[in-house]
Structures are given as structure tokens and as C-alpha cells.
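Colleague: Just so it is clear, I am handing over my_file_39.txt, which has compact mmCIF, C-alpha atoms and all ligand atoms.
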# COMPACT_ATOMS: atom_id res chain seq x y z
CA MET A 12 0.00 0.00 0.00
CA SER A 13 1.39 3.38 -1.02
CA ASP A 14 1.96 6.21 1.43
CA LEU A 15 1.67 8.70 -1.42
CA LYS A 16 -1.28 11.02 -1.16
CA PRO A 17 -2.90 12.39 -4.28
CA ILE A 18 -2.21 16.04 -4.98
CA THR A 19 -3.87 18.48 -7.32
CA VAL A 20 -1.72 20.82 -9.38
CA SER A 21 -3.15 23.83 -11.18
CA VAL A 22 -0.98 24.59 -14.20
CA GLU A 23 -2.95 27.80 -14.80
CA ARG A 24 -2.15 28.97 -11.28
CA TYR A 25 1.58 28.44 -11.74
CA LEU A 26 1.62 30.04 -15.17
CA SER A 27 -0.22 33.07 -13.83
CA LEU A 28 2.72 33.79 -11.51
CA ASN A 29 5.03 34.47 -14.45
CA LYS A 30 5.68 37.92 -15.80
CA TYR A 31 5.80 38.55 -19.54
CA GLU A 32 7.34 41.41 -21.48
CA VAL A 33 5.75 41.04 -24.88
CA ASP A 34 7.61 42.38 -27.89
CA GLU A 35 4.49 43.45 -29.75
CA GLY A 36 6.29 44.50 -32.91
CA SER A 37 8.52 41.46 -33.25
CA PRO A 38 6.99 38.02 -32.81
CA HIS A 39 9.62 35.45 -31.91
CA ILE A 40 7.54 32.61 -33.36
CA GLU A 41 5.86 32.77 -36.74
CA LEU A 42 3.76 30.21 -38.57
CA THR A 43 3.44 29.61 -42.28
CA ASP A 44 0.55 31.41 -43.99
CA GLU A 45 -1.63 28.32 -44.45
CA PRO A 46 -0.61 25.86 -41.72
CA SER A 47 -1.99 22.37 -42.25
CA ALA A 48 -4.73 21.38 -39.83
CA ALA A 49 -2.97 18.16 -38.85
CA GLU A 50 0.28 19.92 -38.01
CA PHE A 51 -1.53 22.68 -36.14
CA LEU A 52 -3.36 20.08 -34.07
CA LYS A 53 0.01 18.74 -32.94
CA LEU A 54 0.79 22.19 -31.53
CA VAL A 55 -2.58 22.43 -29.82
CA ARG A 56 -1.71 19.20 -28.05
CA VAL A 57 1.90 19.85 -27.09
CA CYS A 58 2.18 23.54 -26.16
CA PRO A 59 2.28 23.63 -22.34
CA ALA A 60 0.93 27.17 -22.30
CA ALA A 61 -2.00 26.30 -24.62
CA LEU A 62 -1.17 29.12 -27.03
CA TYR A 63 -2.30 27.23 -30.12
CA LYS A 64 -6.08 27.02 -30.19
CA THR A 65 -8.93 25.77 -32.33
CA ASP A 66 -12.47 26.88 -31.62
CA ALA A 67 -15.78 25.03 -32.05
CA VAL A 68 -15.96 25.85 -35.78
CA GLY A 69 -12.34 24.93 -36.43
CA ALA A 70 -10.87 28.43 -36.58
CA ARG A 71 -7.24 28.41 -35.51
CA SER A 72 -5.35 31.01 -33.52
CA PHE A 73 -1.93 31.45 -32.01
CA ASP A 74 -0.64 34.14 -29.66
CA TYR A 75 3.04 34.18 -28.73
CA ALA A 76 2.40 36.56 -25.81
CA GLY A 77 2.30 33.83 -23.14
CA CYS A 78 5.16 31.78 -24.54
CA LEU A 79 7.30 29.86 -22.06
CA GLU A 80 10.19 29.62 -24.56
CA CYS A 81 10.33 25.86 -24.09
CA GLY A 82 10.86 25.03 -27.77
CA THR A 83 8.36 22.19 -27.84
CA CYS A 84 6.52 23.60 -30.86
CA ARG A 85 9.81 23.95 -32.69
CA MET A 86 10.63 20.31 -32.00
CA ALA A 87 7.17 19.18 -33.09
CA CYS A 88 6.70 21.30 -36.22
CA GLY A 89 9.95 23.17 -36.84
CA ASP A 90 10.26 21.62 -40.28
CA THR A 91 6.60 21.99 -41.25
CA ILE A 92 4.44 24.92 -40.11
CA ILE A 93 6.77 26.85 -37.78
CA GLU A 94 8.24 29.35 -40.20
CA SER A 95 10.58 30.93 -37.68
CA TRP A 96 11.38 30.34 -34.04
CA GLY A 97 13.77 32.28 -31.85
CA PHE A 98 14.09 33.62 -28.36
CA PRO A 99 12.67 37.07 -27.64
CA ALA A 100 15.07 40.00 -27.55
CA PRO A 101 16.99 40.59 -24.30
CA THR A 102 14.73 41.75 -21.42
CA MET A 103 11.68 40.52 -23.37
CA GLY A 104 9.67 37.34 -23.01
CA VAL A 105 8.91 35.26 -19.94
CA GLU A 106 10.26 35.88 -16.47
CA TYR A 107 9.63 32.81 -14.37
CA ARG A 108 8.34 33.26 -10.86
CA TYR A 109 7.70 30.59 -8.31
CA GLY A 110 5.11 30.96 -5.60
S1 LIG A 201 7.94 27.59 -27.22
FE1 LIG A 201 6.70 26.28 -25.83
S2 LIG A 201 5.31 27.70 -24.76
FE2 LIG A 201 6.13 28.79 -26.54
S3 LIG A 201 4.60 28.49 -28.14
FE3 LIG A 201 6.17 26.87 -28.39
S4 LIG A 201 5.37 25.13 -27.23
FE4 LIG A 201 4.20 26.93 -26.56
Represent the supplied structure as C-alpha cells.

Modeller:
Amino acid sequence: MSDLKPITVSVERYLSLNKYEVDEGSPHIELTDEPSAAEFLKLVRVCPAALYKTDAVGARSFDYAGCLECGTCRMACGDTIIESWGFPAPTMGVEYRYG
């Protein structure tokens, strides 16, 4: 019998602690003009910040503003629908905070 007790972790709560300096004029991640639905769905599934979204009618959206700079999307689709991926300019992007 395990002594481990179940715990509940709120990813949203931890992400909300971070601070972001968004470089509005210079996105550090850009997608191709007509990203394939199958490739985009990969990003919906793997982005830990849930920045790639599809709505009820299938419209797709992406907002780099909450990016964690983890590089997962680059690994998943860097040779398909990620047109460019780089880190934000110095002093921009995510500042991790732990509560
Ligand atoms: S780098 Fe990570 S957090 Fe940022 S968009 Fe890609 S998968 Fe999401």
C-alpha cells in the first residue's frame, strides 16, 4: 500500500505567476501562412501554455504573448508549419516566478 497522497496541481495557477514582457512588434515565433490542420493540431496538443487554439468551428489562432520559450513547438513542427522560431530579444519574453 502506497503512502503517497494524491495532490492536485493547477498549471494555470503556476503560469499566472510568471511575468511577460511582450515584444508586440517582433513576434519570436511565426507560422506559415496556411498551416496544415494536422500539423496545427500537434501544436494544440503539445504547447504547455495552450497558445495554439482551435475553436468550435475549427478556426485556428496562435498568440506568442504567453510563450514559455520551451521550444516544444519547434521540435514538433519546426520543419513543417513553424516558419521561424527564436528567443525574444533581451529583457523581453517570460520571467519565471515561483510561488
Ligand atoms: S515555445 Fe513552448 S510555450 Fe512557446 S509556443 Fe512553443 S510550445 Fe508553446

Colleague: Distance CA of Thr65 in chain A-CA of Cys84 in chain A, one decimal place?

Modeller: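 Taking CA of Thr65 in chain A and CA of Cys84 in chain A, their separation equals 15.7 Å.
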
Colleague: Which residues of range 56-84 of chain A sit at most 12 Å from range 27-34 of chain A, using only C-alpha atoms? Give each one's shortest atom pair and distance in Å (one decimal place), in chain and ascending residue order, as a tab-separated table.

Modeller:
residue	atom	partner	partner_atom	distance
A:Ala60	CA	A:Ser27	CA	10.4
A:Asp74	CA	A:Val33	CA	10.5
A:Tyr75	CA	A:Val33	CA	8.3
A:Ala76	CA	A:Val33	CA	5.7
A:Gly77	CA	A:Tyr31	CA	6.9
A:Cys78	CA	A:Tyr31	CA	8.4
A:Leu79	CA	A:Tyr31	CA	9.2
A:Glu80	CA	A:Tyr31	CA	11.1

Colleague: Mind writing the picked residues with C-alpha atoms as a CSV table (one decimal), in the frame of the given file?

Modeller:
chain,number,residue,atom,x,y,z
A,60,ALA,CA,0.9,27.2,-22.3
A,74,ASP,CA,-0.6,34.1,-29.7
A,75,TYR,CA,3.0,34.2,-28.7
A,76,ALA,CA,2.4,36.6,-25.8
A,77,GLY,CA,2.3,33.8,-23.1
A,78,CYS,CA,5.2,31.8,-24.5
A,79,LEU,CA,7.3,29.9,-22.1
A,80,GLU,CA,10.2,29.6,-24.6

Colleague: Where's the centre, and what are the edge lengths in Å to one decimal, of a box along x, y and z enclosing all listed atoms of range 33-38 of chain A padded 5 Å per side, as AutoDock Vina command-line options?

Modeller:
--center_x 6.5 --center_y 41.3 --center_z -29.1 --size_x 14.0 --size_y 16.5 --size_z 18.4

Colleague: What is the CA of Met103 in chain A to CA of His39 in chain A distance in Å?

Modeller: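 For CA of Met103 in chain A relative to CA of His39 in chain A, the distance reads 10.1 Å.
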
Colleague: Between A:Val68, A:Val105, A:Val22, A:Ala49, which residue has the minimum interatomic distance to ligand LIG 201 (chain A), considering only C-alpha atoms and all ligand atoms?

Modeller: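 Nearest candidate to ligand LIG 201 (chain A) out of A:Val68, A:Val105, A:Val22, A:Ala49: A:Val105.
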
Colleague: So what do you get for CA of Val55 in chain A versus CA of Gly97 in chain A, distance-wise?

Modeller: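 So the answer is 19.2 Å.
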
Colleague: Any idea what's packed within 9 Å of Thr43 in chain A, counting all atoms listed in the file, ignoring anything in its chain fewer than 4 positions away? Could you give it as a list in words?

Modeller: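 So, after excluding close chain neighbours, the residues are Thr91, Ile92, Ile93, Glu94 and Ser95 of chain A.
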
Colleague: Missing atoms in range 37-48 of chain A: fill them in up to all heavy atoms and send the result as an mmCIF file, in the coordinates of the input.

Modeller:
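selection.cif was written with the following content:
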data_model
loop_
_atom_site.group_PDB
_atom_site.id
_atom_site.type_symbol
_atom_site.label_atom_id
_atom_site.label_comp_id
_atom_site.auth_asym_id
_atom_site.auth_seq_id
_atom_site.Cartn_x
_atom_site.Cartn_y
_atom_site.Cartn_z
ATOM 1 N N SER A 37 7.572 42.439 -32.742
ATOM 2 C CA SER A 37 8.520 41.460 -33.250
ATOM 3 C C SER A 37 8.239 40.072 -32.690
ATOM 4 O O SER A 37 8.865 39.655 -31.718
ATOM 5 C CB SER A 37 9.943 41.914 -32.900
ATOM 6 O OG SER A 37 10.887 41.030 -33.436
ATOM 7 N N PRO A 38 7.304 39.365 -33.306
ATOM 8 C CA PRO A 38 6.990 38.020 -32.810
ATOM 9 C C PRO A 38 8.192 37.088 -32.916
ATOM 10 O O PRO A 38 8.861 37.074 -33.954
ATOM 11 C CB PRO A 38 5.848 37.552 -33.715
ATOM 12 C CG PRO A 38 5.833 38.459 -34.871
ATOM 13 C CD PRO A 38 6.507 39.728 -34.478
ATOM 14 N N HIS A 39 8.460 36.351 -31.865
ATOM 15 C CA HIS A 39 9.620 35.450 -31.910
ATOM 16 C C HIS A 39 9.270 34.079 -32.465
ATOM 17 O O HIS A 39 10.161 33.260 -32.675
ATOM 18 C CB HIS A 39 10.268 35.336 -30.522
ATOM 19 C CG HIS A 39 9.442 34.647 -29.493
ATOM 20 N ND1 HIS A 39 8.370 35.247 -28.868
ATOM 21 C CD2 HIS A 39 9.509 33.406 -28.997
ATOM 22 C CE1 HIS A 39 7.834 34.395 -28.017
ATOM 23 N NE2 HIS A 39 8.508 33.271 -28.068
ATOM 24 N N ILE A 40 7.982 33.843 -32.701
ATOM 25 C CA ILE A 40 7.540 32.610 -33.360
ATOM 26 C C ILE A 40 6.551 33.013 -34.452
ATOM 27 O O ILE A 40 5.622 33.780 -34.200
ATOM 28 C CB ILE A 40 6.827 31.657 -32.376
ATOM 29 C CG1 ILE A 40 7.769 31.261 -31.245
ATOM 30 C CG2 ILE A 40 6.322 30.418 -33.109
ATOM 31 C CD1 ILE A 40 7.089 30.498 -30.118
ATOM 32 N N GLU A 41 6.784 32.497 -35.648
ATOM 33 C CA GLU A 41 5.860 32.770 -36.740
ATOM 34 C C GLU A 41 5.508 31.463 -37.443
ATOM 35 O O GLU A 41 6.362 30.594 -37.621
ATOM 36 C CB GLU A 41 6.457 33.758 -37.724
ATOM 37 C CG GLU A 41 6.639 35.141 -37.103
ATOM 38 C CD GLU A 41 7.176 36.156 -38.082
ATOM 39 O OE1 GLU A 41 8.350 36.021 -38.461
ATOM 40 O OE2 GLU A 41 6.413 37.065 -38.461
ATOM 41 N N LEU A 42 4.244 31.382 -37.845
ATOM 42 C CA LEU A 42 3.760 30.210 -38.570
ATOM 43 C C LEU A 42 3.683 30.500 -40.059
ATOM 44 O O LEU A 42 3.628 31.663 -40.472
ATOM 45 C CB LEU A 42 2.361 29.820 -38.064
ATOM 46 C CG LEU A 42 2.222 29.536 -36.572
ATOM 47 C CD1 LEU A 42 0.780 29.171 -36.238
ATOM 48 C CD2 LEU A 42 3.156 28.431 -36.143
ATOM 49 N N THR A 43 3.648 29.444 -40.848
ATOM 50 C CA THR A 43 3.440 29.610 -42.280
ATOM 51 C C THR A 43 2.046 30.199 -42.514
ATOM 52 O O THR A 43 1.178 30.147 -41.642
ATOM 53 C CB THR A 43 3.557 28.258 -43.013
ATOM 54 O OG1 THR A 43 2.616 27.355 -42.435
ATOM 55 C CG2 THR A 43 4.965 27.690 -42.890
ATOM 56 N N ASP A 44 1.820 30.743 -43.693
ATOM 57 C CA ASP A 44 0.550 31.410 -43.990
ATOM 58 C C ASP A 44 -0.646 30.471 -43.928
ATOM 59 O O ASP A 44 -1.710 30.847 -43.454
ATOM 60 C CB ASP A 44 0.612 32.071 -45.367
ATOM 61 C CG ASP A 44 1.494 33.304 -45.352
ATOM 62 O OD1 ASP A 44 1.714 33.867 -44.264
ATOM 63 O OD2 ASP A 44 1.970 33.696 -46.433
ATOM 64 N N GLU A 45 -0.506 29.276 -44.429
ATOM 65 C CA GLU A 45 -1.630 28.320 -44.450
ATOM 66 C C GLU A 45 -1.201 27.033 -43.747
ATOM 67 O O GLU A 45 -0.988 26.006 -44.392
ATOM 68 C CB GLU A 45 -2.033 28.026 -45.907
ATOM 69 C CG GLU A 45 -2.523 29.221 -46.693
ATOM 70 C CD GLU A 45 -3.906 29.673 -46.287
ATOM 71 O OE1 GLU A 45 -4.674 28.841 -45.753
ATOM 72 O OE2 GLU A 45 -4.220 30.853 -46.498
ATOM 73 N N PRO A 46 -1.075 27.069 -42.425
ATOM 74 C CA PRO A 46 -0.610 25.860 -41.720
ATOM 75 C C PRO A 46 -1.606 24.712 -41.863
ATOM 76 O O PRO A 46 -2.817 24.924 -41.783
ATOM 77 C CB PRO A 46 -0.494 26.313 -40.264
ATOM 78 C CG PRO A 46 -1.360 27.516 -40.155
ATOM 79 C CD PRO A 46 -1.386 28.151 -41.504
ATOM 80 N N SER A 47 -1.092 23.526 -42.093
ATOM 81 C CA SER A 47 -1.990 22.370 -42.250
ATOM 82 C C SER A 47 -2.687 22.100 -40.915
ATOM 83 O O SER A 47 -2.124 22.297 -39.838
ATOM 84 C CB SER A 47 -1.220 21.134 -42.701
ATOM 85 O OG SER A 47 -0.661 20.462 -41.595
ATOM 86 N N ALA A 48 -3.936 21.641 -41.021
ATOM 87 C CA ALA A 48 -4.730 21.380 -39.830
ATOM 88 C C ALA A 48 -4.095 20.294 -38.963
ATOM 89 O O ALA A 48 -4.088 20.394 -37.736
ATOM 90 C CB ALA A 48 -6.150 20.989 -40.228
#
